[in-house]
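Below: the structure, in structure tokens.
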Amino acid sequence: MMITDYHAKYFAHELNRVGGNGVDRIGRALFDACVDLNPHQIDAALFALRSPLSKGVLLADEVGLGKTIEAGLVLCQFWAEKRRHLIVIVPASLRKQWSLELGEKFALPTIVLDAKTYKDQQKKNIADPFNEASIIICSMHFAASHAEDIKKIPWDLVVIDEAHKLRNSYRQSNRIGQQIRWSTENFKKLLLTATPLQNSLLELYGLSSLIDEHFFGELSSFRTRYINWLFSKVSG
């Protein structure tokens with residue numbers, strides 16, 4: 001069969017196609033994934049990828065439903081689209097687990113940055129260890145202490161696991177939350193948590209402010225519109 005110039009351009013476009021709608025959007029991510037996917041995980045990944053105008057999303061599945069897999073699909077898709085400034089901020093105890101899962105299940109390269117590896121990278125004359133051709137994984141404490149470094153990188157996606165630990169990030173007294181919020185404020189985020197709310201609706205305000213500090217407006221407006229209104233309905 002003779003391939004015309006038109007067909008050659010069409011095939012080239014298909015081979016290099018980025019984006020798409022529905023499952024097509026995560027088509028590339030599924031090629032190398034070594035994991036049995038459930039429908040709700042694909043739905044969650046598509047939800048996270050859906051709106052190009054959104055500054056981020058919160059995935060709040062229950063424990064054991066595979067939020068790491070959902071985030072892995074999104075990370076894998078970004079990687080396939082050659083958007084490779086990616087960082088995963090997690091509690092220190094989960095760093096190794098994230099590295100293993102992203103490597104074994106999605107064939108994604110990762111580097112776990114801590115005080116030791118950061119210094120080792122600098123000894124290798126790597127001026128900015130956060131600016132690597134791998135997915136950066138670090139603890140919340142480490143991210144907060146290196147907020148200036150993180151701020152400099154044009155991140156394509158920031159993933160925060162156990163995001164409820166930062167639910168008070170809107171408070172000036174929460175140094176770690178404030179630093180992470182400041183250093184990632186202009187970048188698209190994917191927040192993961194099984195317990196978005198524990199005691200107060202203010203925790204929802206805190207989590208949403210990590211994604212977009214203007215989402216619910218000022219704290220006083222949020223209190224008036226949601227908390228005071230809800231209290232009046234319950235007491236009435």
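Naming scheme: A, B, ... for chains in displayed order of the structure tokens; residues 1 onward per chain; ligands 1 onward as shown.
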
Review point. Contacts of A:Glu203 at 7 Å or less, counting only C-alpha atoms, minus same-chain residues fewer than 3 places along, as a count of residues only?
Key: 6

Exercise for review: Can you check which residues of stretch 97-143 of chain A DSSP gives as alpha helix (DSSP H) on the backbone and send them as a PyMOL selection string?
Suggested key: chain A and resi 97-106+115-123+140-143

Review point. A:Trp182: which residues within 9 Å, counting only C-alpha atoms, same-chain residues fewer than 6 positions away excluded, as number ranges by chain?
Key: A: 147, 151, 210

Exercise for review: Could you check which of A:Asn186, A:Ser209, A:Ser134, A:Thr224 is closest to A:Arg171, using only C-alpha atoms?
Suggested key: A:Ser209

Point to revise | Long-range neighbours of A:Val90 as a ChimeraX atom specification, 7 Å cut-off, only C-alpha atoms, 4 positions minimum in chain | key: /A:94-95,138-140,160-162

Review point. Between atom CA of A:Asp156 and atom CA of A:Leu113, what is the distance, to one decimal in Å?
Key: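 The value is 18.2 Å.
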
Review point. Which one is closest to A:His146: A:Lys116, A:Gln179, A:Gln121, A:Leu58? Count only C-alpha atoms.
Key: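 The answer is A:Gln179, which sits nearest to A:His146.
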
Check your understanding: Among stretch 43-210 of chain A, which ones does DSSP place in strand (DSSP E or B), written as a PyMOL selection string?
Key -> chain A and resi 56-59+86-90+110-112+135-139+157-160+189-192
